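Please read the structure below before turning to the comments.
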Amino acid sequence: MPQQPPAAPHQPPQAPGAPAQPAYGYPQTGPGYGYPQQPGTPAPFGPPTTPMHAPQAPAGGATGRGEVRTQLMIVGAALLAIVLIVGGGFWYVSDDGSGGSQTTADGGPSGSPGGDKQKAGAGGTEKVPSNPKSKTLVNVPLPAPEEQVTVKGSWLTDSTYVKSDVAKVVGYNLADGSKKWEIPLTAQVCAATKHVSENKTAILFEEALPTPEKKYQPCTKVGVIDLESGKLLWSAAAKSSTGGDKNVTFAEVTLSGQTVAAGGLSGGAAWNLADGKPLWQPKVDNEGCYDLGYAGGEALAVLRKCGRSPNQTLQAQALDPVTGAPKSSYKLSPGIEWAGIISTKPLIVAADVGKTAKNATGVSDLFVVDDAGQLKSRISLASGNFNPECPATEVEQCTNMVVGNGKVYVPSYEHQGQDSSGARTNELLSFDLETGKQTNDRADAGERYQIMPLRMDGSNIIAYKIPPYDRGGQVVSIDGTTMKETLLMENPGDKASQRAETRTTPTAAEYRYHNGKLFIARWYARKPHSSGTDDPEYLFVSFTAS
């Protein structure tokens, strides 16, 4: 197994009792793999027999994956927790027998200029390109700082792709991939929200640039950037509730409407998106409760932690985004000290109950909470048949789950397909949020491909298919009613392009697709290490179809 990357330097000290579980953690709607299969028969749904891994090349062939699942190490004074984060999401329609996708009769690309902008499904706004065969737009080389730095943050508008870089944020023109603007920062980016409001988004950056005396700076600054003008509109910090001049260290930032909220082990704070005016500051009540982390999007929610380990409790609360006052509250069962939020409307909490999560997914159950704070349904994912991913401590970083159409879409765990090479594949499945039961929905990735959901597009699902060693990846739109797939993009399968696309695995990348443009970007930048290949490394790669 390839060597894992070093710890991310920006993480705050780990709280005692935090689980060292792998994790995985897209815009306002948030996004499994394995069972045995007998040759010549459909794949029954059953327990996985082998762990998930990227599609394999034949013996002696290159996999194109020079980087293993990136793991986020949370550094503490006394302990270290490794957090593995994966992102993604997919949809499927039909298969041509080779693992690739075909377009549907009513949603596929047309050979004529007049028929090339049909919708990818009745419920979506993404258009089918006249030719889904893509070409490279721009590949930006990976910066090479001596120490690993975080470059999380990736946003896509109608005209601009925006990416966090080393001590800066850069905007690129979608027409030709050229640099459009650059925002220099006083320190390294340490976290970013996936959410966008009025073409604005939020980032966290460190107190200062590293020095020989202090290599690891605390993550204390919140900033809002305009994705079109390329300006840092404002930045702010928060003081501790215990007094003093020390700024609070944050682990995450999110955005909902006009509210920017940041949280961590020292509590949470919020600001007005437009002008940076403080809405509330970190505080600890008489019961020792504090805001651990927020989730944004259509609504604002928080996980509030109370008490001391090993007797800590968690409450999931829907918040008034202006005052921070709870609208409703749901108390998780005793013993659940860490959880994530995968949706704020409806409110859905993910947790590993009693450490029963299998295949290192970090989540065994989903709790669907109604507007009154009552449990509507509980979805069990503990069988090992599914592959959602949640980190050890972050609140809004669960991935491989997408919520829409009154369902949560989850990939199955990977399993061996029928292809003679022994390559692995998986399916996209769903659960009903009202009943908590699995539905009959199923979208196959296709032989030698693996599917991950990225986001919702109306009632459709946008998904990416991880390719085998000799193919390019695919972007598909899945009809939320029929689970039929429409091909939106198929990337080149030549060696150089395929390796560039797959050199960063889904566990270490941000995937953004819109209007025939796909960007795959890294979370970390570091000085290259010997990998046994001369393949170039990129901060991001991108493809365009027209």
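Residue numbers start at 1 in each chain; chains themselves are named A, B, ... in the order of the structure tokens; ligands are numbered from 1 in the order shown.
Summary of the local environment: counting only C-alpha atoms, residues at most 8 Å from Lys305 of chain A, other than itself and those fewer than 4 positions away along its chain, are Cys289, Tyr290, Asp291, Leu292, Gln312, Thr313, Leu314, Gln315 and Glu337 of chain A.
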Q: Within 8 Å of segment 177-186 of chain A, counting only C-alpha atoms, which residues show up once you throw out same-chain ones fewer than 6 positions away? Write them as a list of chain:residue names, please.
A: A:Leu137, A:Val138, A:Thr160, A:Ala167, A:Lys168, A:Val169, A:Val170, A:Gly171, A:Ala208, A:Leu209, A:Ser229, A:Gly230, A:Lys231, A:Leu232
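Minimum distance to Lys283 of chain A across A:Gly123, A:Ala269, A:Gly153, A:Asn131 (counting only C-alpha atoms) occurs at A:Ala269.
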**Q.** Sel. of strand (DSSP E) residues, segment 268-351 of chain A, as a PyMOL selection string
**A.** chain A and resi 269-272+278-280+290-295+300-306+313-319+326-331+339-344+347-351
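You will find atom CA of Phe519 of chain A at 13.4 Å from atom CA of Ser497 of chain A.
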**Q.** Selection near Thr242 of chain A, 12 Å with only C-alpha atoms, sequence-local residues under 6 positions removed, as a PyMOL selection string
**A.** chain A and resi 248+266-267+281-285
May I have the residues from that selection written out with N, CA, C and O atoms, as a PDB file, in the first residue's frame?
```pdb
ATOM      1  N   VAL A 248      -9.983  32.192  19.069  1.00  0.00           N
ATOM      2  CA  VAL A 248     -10.488  30.816  19.100  1.00  0.00           C
ATOM      3  C   VAL A 248     -10.024  30.068  17.852  1.00  0.00           C
ATOM      4  O   VAL A 248     -10.004  30.620  16.743  1.00  0.00           O
ATOM      5  N   SER A 266     -13.414  24.573  20.712  1.00  0.00           N
ATOM      6  CA  SER A 266     -13.526  25.727  21.609  1.00  0.00           C
ATOM      7  C   SER A 266     -14.853  26.451  21.458  1.00  0.00           C
ATOM      8  O   SER A 266     -15.045  27.537  22.000  1.00  0.00           O
ATOM      9  N   GLY A 267     -15.789  25.850  20.723  1.00  0.00           N
ATOM     10  CA  GLY A 267     -17.092  26.463  20.544  1.00  0.00           C
ATOM     11  C   GLY A 267     -17.244  27.082  19.174  1.00  0.00           C
ATOM     12  O   GLY A 267     -16.359  26.983  18.309  1.00  0.00           O
ATOM     13  N   GLN A 281     -20.904  34.781  19.524  1.00  0.00           N
ATOM     14  CA  GLN A 281     -19.532  34.424  19.856  1.00  0.00           C
ATOM     15  C   GLN A 281     -19.510  33.098  20.610  1.00  0.00           C
ATOM     16  O   GLN A 281     -20.547  32.647  21.128  1.00  0.00           O
ATOM     17  N   PRO A 282     -18.334  32.448  20.715  1.00  0.00           N
ATOM     18  CA  PRO A 282     -18.267  31.180  21.454  1.00  0.00           C
ATOM     19  C   PRO A 282     -18.692  31.365  22.909  1.00  0.00           C
ATOM     20  O   PRO A 282     -18.348  32.356  23.551  1.00  0.00           O
ATOM     21  N   LYS A 283     -19.458  30.391  23.387  1.00  0.00           N
ATOM     22  CA  LYS A 283     -19.894  30.444  24.783  1.00  0.00           C
ATOM     23  C   LYS A 283     -20.125  29.026  25.276  1.00  0.00           C
ATOM     24  O   LYS A 283     -20.478  28.132  24.518  1.00  0.00           O
ATOM     25  N   VAL A 284     -19.898  28.838  26.551  1.00  0.00           N
ATOM     26  CA  VAL A 284     -20.142  27.564  27.220  1.00  0.00           C
ATOM     27  C   VAL A 284     -21.161  27.808  28.317  1.00  0.00           C
ATOM     28  O   VAL A 284     -20.984  28.703  29.151  1.00  0.00           O
ATOM     29  N   ASP A 285     -22.262  27.025  28.342  1.00  0.00           N
ATOM     30  CA  ASP A 285     -23.309  27.273  29.343  1.00  0.00           C
ATOM     31  C   ASP A 285     -22.988  26.563  30.654  1.00  0.00           C
ATOM     32  O   ASP A 285     -21.913  25.968  30.827  1.00  0.00           O
TER      33      ASP A 285
END
```
Residues within 6 Å of segment 299-303 of chain A, please, as a JSON list (two decimals) with N, CA and C atoms, in the first residue's frame. Count only C-alpha atoms; anything in the same chain fewer than 2 positions from it doesn't count.
```json
[["chain", "number", "residue", "atom", "x", "y", "z"],
["A", 256, "SER", "N", -25.02, 29.38, 5.41],
["A", 256, "SER", "CA", -26.45, 29.18, 5.16],
["A", 256, "SER", "C", -27.10, 30.54, 5.00],
["A", 292, "LEU", "N", -20.11, 22.41, 18.78],
["A", 292, "LEU", "CA", -18.96, 21.68, 18.24],
["A", 292, "LEU", "C", -18.73, 22.00, 16.77],
["A", 293, "GLY", "N", -19.81, 22.08, 16.01],
["A", 293, "GLY", "CA", -19.66, 22.36, 14.58],
["A", 293, "GLY", "C", -21.02, 22.56, 13.93],
["A", 294, "TYR", "N", -21.03, 23.30, 12.84],
["A", 294, "TYR", "CA", -22.27, 23.65, 12.16],
["A", 294, "TYR", "C", -22.34, 22.99, 10.78],
["A", 295, "ALA", "N", -23.57, 22.87, 10.28],
["A", 295, "ALA", "CA", -23.82, 22.43, 8.91],
["A", 295, "ALA", "C", -24.75, 23.45, 8.27],
["A", 296, "GLY", "N", -24.49, 23.78, 7.01],
["A", 296, "GLY", "CA", -25.27, 24.82, 6.34],
["A", 296, "GLY", "C", -26.04, 24.29, 5.14],
["A", 297, "GLY", "N", -26.20, 25.16, 4.15],
["A", 297, "GLY", "CA", -27.03, 24.82, 3.00],
["A", 297, "GLY", "C", -28.38, 25.47, 3.10],
["A", 315, "GLN", "N", -26.34, 16.90, 21.08],
["A", 315, "GLN", "CA", -27.66, 17.34, 20.64],
["A", 315, "GLN", "C", -27.54, 17.91, 19.24],
["A", 316, "ALA", "N", -28.46, 17.51, 18.37],
["A", 316, "ALA", "CA", -28.55, 18.08, 17.03],
["A", 316, "ALA", "C", -29.66, 19.12, 17.04],
["A", 317, "GLN", "N", -29.32, 20.35, 16.70],
["A", 317, "GLN", "CA", -30.28, 21.43, 16.79],
["A", 317, "GLN", "C", -30.42, 22.16, 15.45],
["A", 318, "ALA", "N", -31.67, 22.47, 15.08],
["A", 318, "ALA", "CA", -31.93, 23.38, 13.98],
["A", 318, "ALA", "C", -31.89, 24.79, 14.56],
["A", 319, "LEU", "N", -31.17, 25.71, 13.93],
["A", 319, "LEU", "CA", -30.93, 27.03, 14.50],
["A", 319, "LEU", "C", -31.60, 28.15, 13.71],
["A", 344, "THR", "N", -29.36, 19.46, 6.30],
["A", 344, "THR", "CA", -30.00, 20.35, 7.28],
["A", 344, "THR", "C", -31.49, 20.52, 7.02]]
```
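Minimum distance to Phe250 of chain A across A:Phe205, A:Trp280, A:Tyr524, A:Tyr469 (counting only C-alpha atoms) occurs at A:Phe205.
We find atom CA of Val196 of chain A and atom CA of Asn272 of chain A to be spaced 14.0 Å apart.
Here atom CA of Pro391 of chain A is placed at a distance of 25.7 Å from atom CA of Glu434 of chain A.
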Q: Considering only C-alpha atoms, state which residue in the set A:Ser420, A:Asn405, A:Thr481, A:Ser364 is at the smallest distance from Glu447 of chain A.
A: A:Ser420
Per residue of segment 123-238 of chain A within 9 Å of segment 506-518 of chain A, record the nearest atom pair and its distance in Å to one decimal, counting only C-alpha atoms, with rows in chain order and ascending residue number, as a Markdown table.
```
| residue | atom | partner | partner_atom | distance |
| --- | --- | --- | --- | --- |
| A:Glu126 | CA | A:Asn515 | CA | 6.1 |
| A:Lys127 | CA | A:Asn515 | CA | 6.6 |
| A:Val128 | CA | A:Gly516 | CA | 7.8 |
| A:Pro129 | CA | A:Gly516 | CA | 6.4 |
| A:Pro132 | CA | A:Gly516 | CA | 8.0 |
| A:Ser134 | CA | A:Gly516 | CA | 8.5 |
| A:Leu137 | CA | A:Lys517 | CA | 8.4 |
| A:Lys152 | CA | A:Glu510 | CA | 8.1 |
| A:Gly153 | CA | A:Glu510 | CA | 7.9 |
| A:Ser154 | CA | A:Glu510 | CA | 6.6 |
| A:Trp155 | CA | A:Arg512 | CA | 7.1 |
| A:Leu156 | CA | A:Arg512 | CA | 6.6 |
| A:Thr157 | CA | A:His514 | CA | 7.9 |
| A:Asp158 | CA | A:Asn515 | CA | 7.7 |
| A:Leu174 | CA | A:Lys517 | CA | 8.0 |
```
Requested write-out: N, CA, C and O atoms of the selected residues, as an mmCIF file, in the first residue's frame:
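Final file, out-v3.cif:
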```cif
data_model
loop_
_atom_site.group_PDB
_atom_site.id
_atom_site.type_symbol
_atom_site.label_atom_id
_atom_site.label_comp_id
_atom_site.auth_asym_id
_atom_site.auth_seq_id
_atom_site.Cartn_x
_atom_site.Cartn_y
_atom_site.Cartn_z
ATOM 1 N N GLU A 126 -28.994 20.487 -15.760
ATOM 2 C CA GLU A 126 -27.773 20.229 -16.522
ATOM 3 C C GLU A 126 -28.133 19.765 -17.932
ATOM 4 O O GLU A 126 -28.940 18.867 -18.115
ATOM 5 N N LYS A 127 -27.507 20.385 -18.918
ATOM 6 C CA LYS A 127 -27.773 20.064 -20.312
ATOM 7 C C LYS A 127 -26.813 18.984 -20.800
ATOM 8 O O LYS A 127 -25.680 18.874 -20.342
ATOM 9 N N VAL A 128 -27.283 18.201 -21.754
ATOM 10 C CA VAL A 128 -26.438 17.185 -22.357
ATOM 11 C C VAL A 128 -25.593 17.837 -23.445
ATOM 12 O O VAL A 128 -26.136 18.431 -24.377
ATOM 13 N N PRO A 129 -24.270 17.756 -23.350
ATOM 14 C CA PRO A 129 -23.434 18.337 -24.406
ATOM 15 C C PRO A 129 -23.709 17.677 -25.752
ATOM 16 O O PRO A 129 -24.129 16.519 -25.823
ATOM 17 N N PRO A 132 -20.446 14.393 -25.675
ATOM 18 C CA PRO A 132 -19.976 14.182 -24.299
ATOM 19 C C PRO A 132 -18.520 13.739 -24.201
ATOM 20 O O PRO A 132 -17.975 13.672 -23.103
ATOM 21 N N SER A 134 -14.992 14.364 -23.858
ATOM 22 C CA SER A 134 -14.354 15.580 -23.384
ATOM 23 C C SER A 134 -12.903 15.687 -23.829
ATOM 24 O O SER A 134 -12.313 14.731 -24.337
ATOM 25 N N LEU A 137 -9.211 20.818 -20.368
ATOM 26 C CA LEU A 137 -9.343 22.271 -20.367
ATOM 27 C C LEU A 137 -8.037 22.907 -19.890
ATOM 28 O O LEU A 137 -7.369 23.611 -20.634
ATOM 29 N N LYS A 152 -7.742 23.031 0.624
ATOM 30 C CA LYS A 152 -9.156 22.690 0.469
ATOM 31 C C LYS A 152 -9.952 23.916 0.046
ATOM 32 O O LYS A 152 -9.696 25.024 0.487
ATOM 33 N N GLY A 153 -10.938 23.661 -0.789
ATOM 34 C CA GLY A 153 -11.804 24.719 -1.280
ATOM 35 C C GLY A 153 -11.857 24.693 -2.788
ATOM 36 O O GLY A 153 -10.832 24.846 -3.467
ATOM 37 N N SER A 154 -13.054 24.459 -3.334
ATOM 38 C CA SER A 154 -13.226 24.316 -4.772
ATOM 39 C C SER A 154 -14.655 24.705 -5.114
ATOM 40 O O SER A 154 -15.596 24.103 -4.601
ATOM 41 N N TRP A 155 -14.808 25.720 -5.985
ATOM 42 C CA TRP A 155 -16.146 26.221 -6.306
ATOM 43 C C TRP A 155 -16.262 26.469 -7.804
ATOM 44 O O TRP A 155 -15.298 26.857 -8.458
ATOM 45 N N LEU A 156 -17.460 26.274 -8.329
ATOM 46 C CA LEU A 156 -17.689 26.395 -9.758
ATOM 47 C C LEU A 156 -18.941 27.221 -10.008
ATOM 48 O O LEU A 156 -20.031 26.856 -9.565
ATOM 49 N N THR A 157 -18.778 28.361 -10.685
ATOM 50 C CA THR A 157 -19.909 29.204 -11.064
ATOM 51 C C THR A 157 -20.134 29.074 -12.572
ATOM 52 O O THR A 157 -19.494 28.267 -13.241
ATOM 53 N N ASP A 158 -21.020 29.889 -13.118
ATOM 54 C CA ASP A 158 -21.294 29.828 -14.553
ATOM 55 C C ASP A 158 -20.110 30.305 -15.392
ATOM 56 O O ASP A 158 -20.010 29.956 -16.568
ATOM 57 N N LEU A 174 -13.570 29.913 -17.322
ATOM 58 C CA LEU A 174 -14.072 28.648 -17.854
ATOM 59 C C LEU A 174 -13.938 28.544 -19.364
ATOM 60 O O LEU A 174 -13.980 27.445 -19.913
#
```
